[in-house]
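Novice: Just dropping this structure here.
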2 protein chains.
Amino acid sequence: MPTKTPLAPAAPFEPPVRVLLGPGPSDVHPRVREAMAQPLIGHLDPAFVGLMDQTQELLRYAFQTDNKLTLAISGTGSAGMETVVDNLVEPGDAMLVCVNGIFGGRMVDVAQRAGAKVTSIERPYGETFDPDEIRQALKAHPAKVVGIVQAETSTGAWQALEEIAEITHEAGALLLVDAVTSLAGVPLEVDAWGIDAVYSGTQKCLSCPPGLAPVTLGPRAVEALMARKTKVQSWYLDLSMIMRYWGGDRFYHHTAPISMNYALREALALVASEGLEARFARHALCGQALQTGLASIGIGLATKAGNRLPQLTCALIPEGIDDLAVRKRLLADWGIEVGGGLGPWKGKVWRIGLMGHGARPSNVTLFLSALETCLRDLGVDVPVDASVKAANEVFDQAEQPAGV
Amino acid sequence: MPTKTPLAPAAPFEPPVRVLLGPGPSDVHPRVREAMAQPLIGHLDPAFVGLMDQTQELLRYAFQTDNKLTLAISGTGSAGMETVVDNLVEPGDAMLVCVNGIFGGRMVDVAQRAGAKVTSIERPYGETFDPDEIRQALKAHPAKVVGIVQAETSTGAWQALEEIAEITHEAGALLLVDAVTSLAGVPLEVDAWGIDAVYSGTQKCLSCPPGLAPVTLGPRAVEALMARKTKVQSWYLDLSMIMRYWGGDRFYHHTAPISMNYALREALALVASEGLEARFARHALCGQALQTGLASIGIGLATKAGNRLPQLTCALIPEGIDDLAVRKRLLADWGIEVGGGLGPWKGKVWRIGLMGHGARPSNVTLFLSALETCLRDLGVDVPVDASVKAANEVFDQAEQPAGV
């Protein structure tokens, strides 16, 4: 019989009220939250199998692909990264990884653990890669797979992919893209651009709780899977088995996270109802309004101009202002969460996310107004509502409203 | 701009009404479902850090351990298996795996993928291992780790562990236990029995949705982690990093599945309020009533007597009765899900789960009554309510009521 004393009965956890304007998770639409609370059904129930089919169709729309192998891995975005890398490389395979932030760096680590011979090329934080650099790197170090991040969550940098896909294919390699922060926030055309393998996460522009990783693999990537000589090192992430569960024969692999799959299905249905074009426009407009508002009160942006994601803005912390003091006050007084800098940008930038359901004008002006107050109280000379006015002008000039 | 046409707007998914009496997932308590629907907070939010601390305390109670390294892996039970195996073995390490069902077999596969030299010993489905077999196997094949399943989800077999822990330690090995289906359903004394590493799942006797894998590692296992010469092959499941996120310095590793962690905290709080002793008694009583009810109408049990789990009963399908026809009717007419047999037991047994919130007298009698009706309609001679009466007698004779 148990020897340890039970803990005192605890009341249900009540999360504090938050406005999630960091690098993710983002605020979740009420319809998605309601889905999470639905009673469970079995993971082999015909109704659940139907839900998986719908989810695959909805994911194909979000990824803009016809890839059959399109599904959600039962882990977070990082598990998605590991899935795609582990399945595409075998020990000894060469992989080129483009590193311009934390997540490119993580991909190097994951690929090395999978036994790949990794060559990496680097760009400073906030910059992106030119197609020519990739071409030269592939000449010097032929690779089976090229890994690159479309939206670097650590820097807000937006990587163009079309030309890089061409160059990668000319060199006979597969293009693997990290779309954790980009999916459903900025355009991603898996088929039109010829991307071979993509992974993403649910808690960014899909506005679903974290816990699943959408992935899609095209024909060349599937061919590479089929040609493997060794087992994938991870049983849990082995696509040769997972695709049999999501595919026609529904072969039991592991128990799918039922409620998380309910949530993903609703989040994707919301994406489809809104339409990607409108969704991208909404993210673009909110990002532009935020960045204009920040500029209007003299706050610089850390990410190089021309490469800035609308859904994740890295704002330079003004000289003399304490990073943590501001973030703690935003959280305590307004319930606003923004992210701190990572790596060389630690203490130097705030990462402000406007993702999915969170990409709304009212969040832009709420944040700017709160930030202004914090800065004024710390002695910075900021006219009242200057940034809010600048942001609202952007919204007023927009052809389509972006909601409230 | 997106080229594919958006799908037609879809109404929210409404799961059919089910009574989950299979091998998991089990029915979830309303308090846990409500937790899933709470708004998100950030994974580094002080309130979330507090929730992680509470979860660790509650997990230590459920595992009956003081192990510091007690936390929830961000994947399902199978990810828990892979975590513990991948972290404890390095390429070339010897591991002994005891196989008496699907999940022991899975452990062999996972360990081989991790580069372990695996020796396995086998027992037929429905049987368990004697301590002497383990002693002899370890003499013939010394190992760093011995892996064994406490509650085989494929067979309903209940493995005794105390003596095996002693033998394993005498041989200088670590004992790794699969407690996916046992945790919070039957006694598991991690500290008192000296178990070195355990993984579990959330969707069995914890009655939480699937998606997290509680694990605990004791001092000898942590020593083995610290003595590793190679990196863990999985970045996502590398405990040396995950423990820094759950531990004191809250070092960012991956974005925790926020809502799933809300749910686990509530499910564990319910375990603590009920108390393990009462919870084990409730499972034992419901299992006994079900098994008595089945016997009263001549249905045999596939698992060897003396080794039967109360929370998972493998009932032999009567001669001439079609497995799928019965399971489909149970689902269609009563909403009841039970599991089919796996491996050599496919088509031969039904797996009936009474787990966590589902282990209630009303579920026992509902199932027996529905099964009786199915059997009578298929021409089997079963007196009306015979099994229900037999089960109710068990409940009537119990010292403590087990709820409704």
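Note on naming: chains are A, B, ... as they come in the structure tokens, residues start from 1 per chain, ligands start from 1 in the order shown.
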Taking only C-alpha atoms into account, what are the residues of chain A at most 6 Å from chain B, put as a ChimeraX atom specification?

Specialist: /A:6-7,9,33-34,36-37,75,79,110,113,210-211,233,235-236,257,272-273

Novice: Least-squares fit on all C-alpha atoms, paired in order: put chain A onto chain B and return it as a compact mmCIF listing (two decimals) with C-alpha atoms, in the first residue's frame.

Specialist:
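The resulting file, result.txt, is shown below:
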# COMPACT_ATOMS: atom_id res chain seq x y z
CA MET A 1 -0.84 33.95 -53.75
CA PRO A 2 -2.42 30.62 -52.88
CA THR A 3 -3.45 28.63 -55.92
CA LYS A 4 -5.54 25.97 -54.25
CA THR A 5 -9.21 26.59 -53.56
CA PRO A 6 -10.08 26.71 -49.89
CA LEU A 7 -12.26 23.87 -48.67
CA ALA A 8 -15.88 24.55 -47.90
CA PRO A 9 -16.38 25.90 -44.37
CA ALA A 10 -16.80 23.01 -41.97
CA ALA A 11 -18.93 22.99 -38.83
CA PRO A 12 -17.14 22.19 -35.57
CA PHE A 13 -16.46 18.48 -35.10
CA GLU A 14 -18.90 16.82 -32.75
CA PRO A 15 -17.56 13.56 -31.42
CA PRO A 16 -20.13 10.77 -31.15
CA VAL A 17 -21.13 9.78 -27.61
CA ARG A 18 -18.86 6.99 -26.42
CA VAL A 19 -18.19 4.96 -23.32
CA LEU A 20 -14.50 4.14 -23.56
CA LEU A 21 -14.01 0.64 -22.17
CA GLY A 22 -11.07 -0.35 -24.33
CA PRO A 23 -7.35 -0.42 -23.59
CA GLY A 24 -7.16 3.39 -23.64
CA PRO A 25 -7.81 6.22 -24.03
CA SER A 26 -10.21 6.06 -21.10
CA ASP A 27 -13.06 8.46 -20.38
CA VAL A 28 -11.84 11.78 -19.03
CA HIS A 29 -13.24 13.43 -15.90
CA PRO A 30 -15.15 16.68 -16.62
CA ARG A 31 -12.68 18.67 -14.52
CA VAL A 32 -9.87 17.55 -16.82
CA ARG A 33 -11.86 18.43 -19.92
CA GLU A 34 -12.58 21.88 -18.54
CA ALA A 35 -8.88 22.38 -17.93
CA MET A 36 -8.15 21.67 -21.59
CA ALA A 37 -10.45 24.53 -22.61
CA GLN A 38 -8.69 27.16 -20.48
CA PRO A 39 -6.96 29.99 -22.34
CA LEU A 40 -3.27 29.46 -23.01
CA ILE A 41 -0.46 31.10 -21.12
CA GLY A 42 3.17 31.12 -22.22
CA HIS A 43 5.46 28.18 -21.54
CA LEU A 44 7.86 30.45 -19.61
CA ASP A 45 5.08 32.32 -17.76
CA PRO A 46 5.63 32.31 -13.98
CA ALA A 47 2.16 30.78 -13.61
CA PHE A 48 3.08 27.94 -15.96
CA VAL A 49 6.34 27.35 -14.13
CA GLY A 50 4.28 27.06 -10.94
CA LEU A 51 1.99 24.55 -12.64
CA MET A 52 5.02 22.48 -13.68
CA ASP A 53 6.23 22.43 -10.06
CA GLN A 54 2.81 21.25 -8.86
CA THR A 55 2.71 18.62 -11.58
CA GLN A 56 6.08 17.26 -10.49
CA GLU A 57 4.95 17.03 -6.87
CA LEU A 58 1.73 15.29 -7.91
CA LEU A 59 3.63 12.91 -10.18
CA ARG A 60 5.98 12.02 -7.33
CA TYR A 61 2.94 11.05 -5.27
CA ALA A 62 1.49 8.96 -8.11
CA PHE A 63 4.84 7.23 -8.65
CA GLN A 64 5.50 7.00 -4.88
CA THR A 65 8.94 8.48 -5.25
CA ASP A 66 11.14 11.34 -4.16
CA ASN A 67 13.04 11.29 -7.45
CA LYS A 68 13.94 14.83 -8.47
CA LEU A 69 13.93 13.80 -12.12
CA THR A 70 10.17 13.28 -12.39
CA LEU A 71 8.41 15.07 -15.22
CA ALA A 72 6.16 14.71 -18.25
CA ILE A 73 7.64 14.16 -21.69
CA SER A 74 5.87 16.02 -24.52
CA GLY A 75 4.67 12.94 -26.39
CA THR A 76 2.55 9.85 -25.78
CA GLY A 77 3.50 6.76 -23.76
CA SER A 78 5.59 5.41 -26.63
CA ALA A 79 7.65 8.60 -26.57
CA GLY A 80 8.10 7.92 -22.86
CA MET A 81 9.47 4.47 -23.68
CA GLU A 82 11.85 5.92 -26.25
CA THR A 83 12.96 8.66 -23.86
CA VAL A 84 13.94 6.31 -21.07
CA VAL A 85 15.56 3.73 -23.35
CA ASP A 86 17.44 6.31 -25.46
CA ASN A 87 18.76 8.10 -22.39
CA LEU A 88 19.84 4.97 -20.50
CA VAL A 89 21.55 3.04 -23.28
CA GLU A 90 24.41 4.12 -25.48
CA PRO A 91 25.40 2.36 -28.68
CA GLY A 92 26.92 -1.00 -27.76
CA ASP A 93 25.35 -1.22 -24.29
CA ALA A 94 23.72 -4.52 -23.41
CA MET A 95 20.03 -4.54 -22.54
CA LEU A 96 17.80 -7.41 -21.47
CA VAL A 97 14.16 -7.04 -22.46
CA CYS A 98 11.37 -9.24 -21.12
CA VAL A 99 8.79 -9.79 -23.83
CA ASN A 100 5.31 -11.13 -23.07
CA GLY A 101 3.28 -8.97 -25.42
CA ILE A 102 3.34 -6.13 -27.92
CA PHE A 103 4.91 -3.54 -25.66
CA GLY A 104 7.86 -5.65 -24.57
CA GLY A 105 8.38 -6.33 -28.28
CA ARG A 106 8.26 -2.62 -29.00
CA MET A 107 10.93 -2.02 -26.36
CA VAL A 108 13.27 -4.44 -28.18
CA ASP A 109 12.80 -2.46 -31.40
CA VAL A 110 13.34 0.90 -29.67
CA ALA A 111 16.47 -0.33 -27.88
CA GLN A 112 17.94 -1.79 -31.06
CA ARG A 113 17.38 1.52 -32.87
CA ALA A 114 19.26 3.18 -30.00
CA GLY A 115 22.21 0.91 -30.76
CA ALA A 116 21.81 -1.40 -27.76
CA LYS A 117 22.85 -5.05 -27.95
CA VAL A 118 19.52 -6.52 -27.00
CA THR A 119 18.88 -9.93 -25.51
CA SER A 120 15.22 -10.76 -25.07
CA ILE A 121 13.51 -13.46 -23.07
CA GLU A 122 9.97 -14.40 -23.91
CA ARG A 123 6.82 -15.61 -22.24
CA PRO A 124 3.62 -16.53 -24.07
CA TYR A 125 0.81 -13.96 -24.18
CA GLY A 126 -1.04 -13.76 -20.88
CA GLU A 127 1.88 -15.00 -18.76
CA THR A 128 4.46 -13.14 -16.68
CA PHE A 129 8.11 -13.65 -15.73
CA ASP A 130 9.51 -15.46 -12.68
CA PRO A 131 12.38 -13.76 -10.91
CA ASP A 132 14.54 -16.84 -11.55
CA GLU A 133 14.26 -16.47 -15.28
CA ILE A 134 15.59 -12.94 -15.04
CA ARG A 135 18.44 -14.10 -12.77
CA GLN A 136 19.48 -16.78 -15.24
CA ALA A 137 19.17 -14.50 -18.23
CA LEU A 138 21.37 -11.90 -16.53
CA LYS A 139 23.95 -14.57 -15.72
CA ALA A 140 24.07 -15.67 -19.33
CA HIS A 141 23.89 -12.13 -20.73
CA PRO A 142 25.03 -9.42 -18.31
CA ALA A 143 23.23 -6.20 -19.10
CA LYS A 144 23.31 -2.54 -18.21
CA VAL A 145 19.53 -2.27 -18.25
CA VAL A 146 16.63 -4.70 -17.78
CA GLY A 147 13.36 -3.64 -19.36
CA ILE A 148 10.03 -5.08 -18.28
CA VAL A 149 6.34 -4.21 -18.54
CA GLN A 150 4.28 -3.99 -15.35
CA ALA A 151 0.90 -4.05 -17.08
CA GLU A 152 0.93 -5.49 -20.61
CA THR A 153 -1.74 -3.57 -22.49
CA SER A 154 -1.88 -6.29 -25.13
CA THR A 155 -2.59 -9.13 -22.69
CA GLY A 156 -3.85 -7.78 -19.36
CA ALA A 157 -0.92 -9.50 -17.59
CA TRP A 158 0.22 -8.06 -14.26
CA GLN A 159 3.93 -8.46 -13.63
CA ALA A 160 5.25 -8.56 -10.03
CA LEU A 161 8.36 -6.40 -9.74
CA GLU A 162 9.80 -6.37 -6.22
CA GLU A 163 12.00 -9.46 -6.46
CA ILE A 164 13.00 -8.64 -10.00
CA ALA A 165 14.27 -5.25 -8.85
CA GLU A 166 16.48 -6.97 -6.26
CA ILE A 167 17.83 -9.48 -8.75
CA THR A 168 18.50 -6.77 -11.30
CA HIS A 169 20.47 -4.72 -8.78
CA GLU A 170 22.42 -7.77 -7.58
CA ALA A 171 23.52 -8.19 -11.18
CA GLY A 172 24.56 -4.53 -11.29
CA ALA A 173 21.88 -3.58 -13.80
CA LEU A 174 19.20 -0.89 -13.85
CA LEU A 175 15.51 -1.79 -13.83
CA LEU A 176 13.39 0.05 -16.39
CA VAL A 177 9.63 -0.41 -16.05
CA ASP A 178 6.79 0.26 -18.50
CA ALA A 179 3.95 1.52 -16.32
CA VAL A 180 1.77 2.91 -19.11
CA THR A 181 -1.33 0.96 -18.10
CA SER A 182 -0.46 0.46 -14.43
CA LEU A 183 0.19 3.96 -13.05
CA ALA A 184 -2.60 4.95 -10.64
CA GLY A 185 -4.49 1.71 -11.35
CA VAL A 186 -2.48 -0.88 -9.40
CA PRO A 187 0.29 -0.35 -6.81
CA LEU A 188 3.61 0.93 -8.13
CA GLU A 189 6.16 1.78 -5.46
CA VAL A 190 9.08 3.28 -7.31
CA ASP A 191 11.20 4.06 -4.23
CA ALA A 192 10.18 1.17 -1.97
CA TRP A 193 10.77 -1.37 -4.71
CA GLY A 194 13.92 0.33 -5.97
CA ILE A 195 12.85 0.82 -9.58
CA ASP A 196 15.40 2.90 -11.46
CA ALA A 197 13.39 4.29 -14.34
CA VAL A 198 9.71 4.30 -15.22
CA TYR A 199 7.65 5.72 -18.04
CA SER A 200 3.89 5.92 -18.33
CA GLY A 201 1.11 7.45 -20.39
CA THR A 202 -1.71 9.81 -19.48
CA GLN A 203 -4.65 8.13 -21.21
CA LYS A 204 -5.02 4.99 -19.11
CA CYS A 205 -5.62 4.99 -15.33
CA LEU A 206 -4.83 8.73 -15.06
CA SER A 207 -7.86 9.41 -17.30
CA CYS A 208 -6.25 12.33 -19.03
CA PRO A 209 -6.20 12.70 -22.81
CA PRO A 210 -3.22 11.04 -24.52
CA GLY A 211 -0.29 13.32 -25.35
CA LEU A 212 2.13 13.29 -22.42
CA ALA A 213 4.36 10.64 -20.91
CA PRO A 214 5.17 10.87 -17.19
CA VAL A 215 8.66 9.55 -16.43
CA THR A 216 10.75 9.23 -13.30
CA LEU A 217 14.42 8.33 -12.93
CA GLY A 218 16.13 7.44 -9.66
CA PRO A 219 19.69 8.13 -8.49
CA ARG A 220 21.32 5.14 -10.22
CA ALA A 221 19.65 6.01 -13.51
CA VAL A 222 20.68 9.65 -13.21
CA GLU A 223 24.23 8.50 -12.55
CA ALA A 224 24.10 6.50 -15.77
CA LEU A 225 22.85 9.60 -17.63
CA MET A 226 25.70 11.69 -16.24
CA ALA A 227 28.25 9.04 -17.18
CA ARG A 228 27.23 8.95 -20.86
CA LYS A 229 30.05 9.29 -23.34
CA THR A 230 27.79 10.08 -26.28
CA LYS A 231 24.91 12.49 -26.88
CA VAL A 232 21.43 11.01 -26.64
CA GLN A 233 20.44 10.27 -30.24
CA SER A 234 17.17 12.17 -29.91
CA TRP A 235 17.37 15.92 -29.36
CA TYR A 236 13.65 16.10 -28.56
CA LEU A 237 13.87 13.41 -25.88
CA ASP A 238 17.29 14.27 -24.39
CA LEU A 239 16.71 14.36 -20.64
CA SER A 240 19.92 16.27 -19.98
CA MET A 241 18.24 19.26 -21.63
CA ILE A 242 14.63 18.54 -20.63
CA MET A 243 15.55 18.34 -16.94
CA ARG A 244 17.03 21.84 -17.15
CA TYR A 245 13.66 23.12 -18.41
CA TRP A 246 11.68 21.34 -15.67
CA GLY A 247 14.38 21.95 -13.08
CA GLY A 248 15.68 25.08 -11.40
CA ASP A 249 17.02 27.12 -14.30
CA ARG A 250 14.01 26.76 -16.65
CA PHE A 251 16.32 26.65 -19.62
CA TYR A 252 14.27 26.83 -22.84
CA HIS A 253 14.19 23.52 -24.66
CA HIS A 254 10.95 23.17 -26.59
CA THR A 255 7.50 24.74 -26.20
CA ALA A 256 5.62 22.56 -23.74
CA PRO A 257 2.12 21.43 -24.75
CA ILE A 258 0.41 23.93 -22.46
CA SER A 259 -3.16 22.60 -22.50
CA MET A 260 -2.06 19.00 -22.11
CA ASN A 261 -0.08 20.03 -19.05
CA TYR A 262 -3.16 21.78 -17.65
CA ALA A 263 -5.03 18.51 -18.10
CA LEU A 264 -2.36 16.35 -16.52
CA ARG A 265 -2.21 18.59 -13.49
CA GLU A 266 -5.98 18.22 -12.94
CA ALA A 267 -5.93 14.47 -13.55
CA LEU A 268 -3.14 14.08 -10.99
CA ALA A 269 -4.94 16.37 -8.52
CA LEU A 270 -7.94 14.04 -8.80
CA VAL A 271 -5.68 11.07 -8.07
CA ALA A 272 -4.30 12.82 -5.00
CA SER A 273 -7.76 13.82 -3.71
CA GLU A 274 -9.04 10.29 -4.05
CA GLY A 275 -5.83 8.82 -2.64
CA LEU A 276 -3.98 5.94 -4.26
CA GLU A 277 -5.24 3.35 -1.77
CA ALA A 278 -8.89 4.12 -2.51
CA ARG A 279 -8.13 4.33 -6.22
CA PHE A 280 -6.46 0.92 -6.31
CA ALA A 281 -9.37 -0.55 -4.32
CA ARG A 282 -11.85 0.91 -6.80
CA HIS A 283 -9.98 -0.56 -9.78
CA ALA A 284 -9.62 -3.92 -8.00
CA LEU A 285 -13.32 -4.07 -7.18
CA CYS A 286 -14.54 -3.12 -10.64
CA GLY A 287 -12.14 -5.57 -12.27
CA GLN A 288 -13.26 -8.35 -9.95
CA ALA A 289 -16.93 -7.61 -10.64
CA LEU A 290 -16.36 -7.63 -14.40
CA GLN A 291 -14.36 -10.86 -14.33
CA THR A 292 -16.94 -12.53 -12.06
CA GLY A 293 -19.72 -11.37 -14.34
CA LEU A 294 -18.01 -12.78 -17.41
CA ALA A 295 -17.33 -16.11 -15.69
CA SER A 296 -20.99 -16.34 -14.64
CA ILE A 297 -22.04 -16.55 -18.29
CA GLY A 298 -19.24 -18.92 -19.28
CA ILE A 299 -16.85 -16.45 -20.80
CA GLY A 300 -13.25 -17.40 -20.11
CA LEU A 301 -10.32 -15.09 -19.45
CA ALA A 302 -7.25 -15.28 -21.65
CA THR A 303 -4.76 -14.05 -19.07
CA LYS A 304 -3.34 -16.64 -16.69
CA ALA A 305 -5.05 -16.70 -13.26
CA GLY A 306 -3.07 -14.88 -10.60
CA ASN A 307 -1.63 -12.45 -13.16
CA ARG A 308 -4.77 -10.59 -14.13
CA LEU A 309 -4.91 -6.83 -14.06
CA PRO A 310 -8.20 -5.45 -12.72
CA GLN A 311 -8.10 -2.46 -15.10
CA LEU A 312 -7.68 -4.49 -18.29
CA THR A 313 -9.48 -7.77 -18.81
CA CYS A 314 -8.85 -10.01 -21.82
CA ALA A 315 -12.05 -11.98 -22.36
CA LEU A 316 -12.00 -15.02 -24.65
CA ILE A 317 -14.43 -14.59 -27.51
CA PRO A 318 -16.88 -17.55 -27.38
CA GLU A 319 -16.53 -20.16 -30.11
CA GLY A 320 -18.41 -19.21 -33.26
CA ILE A 321 -18.87 -15.56 -32.30
CA ASP A 322 -17.50 -12.97 -34.72
CA ASP A 323 -15.18 -10.51 -32.97
CA LEU A 324 -15.87 -7.52 -35.19
CA ALA A 325 -19.62 -8.06 -35.39
CA VAL A 326 -19.91 -7.79 -31.63
CA ARG A 327 -17.56 -4.83 -31.30
CA LYS A 328 -19.31 -2.96 -34.10
CA ARG A 329 -22.69 -3.53 -32.48
CA LEU A 330 -21.45 -2.45 -29.03
CA LEU A 331 -20.22 0.75 -30.63
CA ALA A 332 -23.28 1.37 -32.76
CA ASP A 333 -26.01 0.52 -30.26
CA TRP A 334 -24.47 1.45 -26.91
CA GLY A 335 -21.56 3.70 -27.85
CA ILE A 336 -19.29 1.25 -26.03
CA GLU A 337 -15.72 0.89 -27.25
CA VAL A 338 -13.76 -2.20 -26.27
CA GLY A 339 -10.47 -3.27 -27.82
CA GLY A 340 -9.73 -6.21 -30.09
CA GLY A 341 -6.90 -8.67 -29.57
CA LEU A 342 -3.39 -8.00 -30.81
CA GLY A 343 -0.79 -10.35 -32.27
CA PRO A 344 -1.64 -14.03 -31.64
CA TRP A 345 -4.78 -12.93 -29.81
CA LYS A 346 -6.24 -11.07 -32.78
CA GLY A 347 -9.86 -12.15 -33.23
CA LYS A 348 -9.63 -14.31 -30.10
CA VAL A 349 -10.07 -11.85 -27.24
CA TRP A 350 -11.79 -8.62 -26.34
CA ARG A 351 -9.78 -6.22 -24.24
CA ILE A 352 -12.05 -4.51 -21.75
CA GLY A 353 -10.64 -1.55 -19.87
CA LEU A 354 -11.91 -0.13 -16.60
CA MET A 355 -9.40 2.61 -16.13
CA GLY A 356 -9.33 5.74 -14.01
CA HIS A 357 -12.59 7.65 -14.27
CA GLY A 358 -13.98 4.72 -16.27
CA ALA A 359 -13.55 2.21 -13.41
CA ARG A 360 -17.10 2.53 -12.13
CA PRO A 361 -19.81 -0.04 -11.27
CA SER A 362 -22.23 1.50 -13.76
CA ASN A 363 -19.73 0.88 -16.58
CA VAL A 364 -19.31 -2.75 -15.51
CA THR A 365 -23.02 -3.46 -15.55
CA LEU A 366 -23.62 -1.41 -18.70
CA PHE A 367 -21.02 -3.45 -20.54
CA LEU A 368 -22.17 -6.83 -19.23
CA SER A 369 -25.77 -6.07 -20.06
CA ALA A 370 -24.87 -4.94 -23.59
CA LEU A 371 -22.63 -7.96 -24.15
CA GLU A 372 -25.35 -10.33 -22.96
CA THR A 373 -27.79 -8.82 -25.44
CA CYS A 374 -25.32 -9.15 -28.31
CA LEU A 375 -24.60 -12.77 -27.43
CA ARG A 376 -28.27 -13.71 -27.05
CA ASP A 377 -29.05 -12.14 -30.41
CA LEU A 378 -26.26 -14.26 -31.90
CA GLY A 379 -27.88 -17.39 -30.49
CA VAL A 380 -25.80 -17.92 -27.35
CA ASP A 381 -27.82 -19.20 -24.43
CA VAL A 382 -27.39 -16.54 -21.72
CA PRO A 383 -30.06 -15.96 -19.05
CA VAL A 384 -31.13 -12.31 -18.93
CA ASP A 385 -29.02 -10.24 -16.56
CA ALA A 386 -27.12 -13.25 -15.22
CA SER A 387 -23.75 -11.53 -15.48
CA VAL A 388 -25.10 -8.22 -14.23
CA LYS A 389 -26.42 -9.95 -11.12
CA ALA A 390 -23.12 -11.70 -10.53
CA ALA A 391 -21.25 -8.43 -10.84
CA ASN A 392 -23.66 -6.62 -8.55
CA GLU A 393 -23.15 -9.27 -5.90
CA VAL A 394 -19.46 -8.44 -5.92
CA PHE A 395 -20.24 -4.75 -5.50
CA ASP A 396 -22.76 -5.49 -2.74
CA GLN A 397 -20.20 -7.50 -0.77
CA ALA A 398 -17.52 -4.83 -0.99
CA GLU A 399 -16.53 -3.03 2.19
CA GLN A 400 -16.26 0.30 0.42
CA PRO A 401 -18.57 1.38 -2.38
CA ALA A 402 -16.81 2.15 -5.66
CA GLY A 403 -19.06 5.01 -6.79
CA VAL A 404 -21.68 4.71 -9.52

Novice: Quick one: pick out all strand (DSSP E) residues within range 253-388 of chain A from a backbone DSSP run and write them as a PyMOL selection string.

Specialist: chain A and resi 312-316+336-337+339-340+349-353

Novice: DSSP says alpha helix (DSSP H) for which residues of range 104-339 of chain B? Put them as a PyMOL selection string?

Specialist: chain B and resi 104-113+131-140+162-170+190-193+219-226+239-246+258-274+276-296+323-329
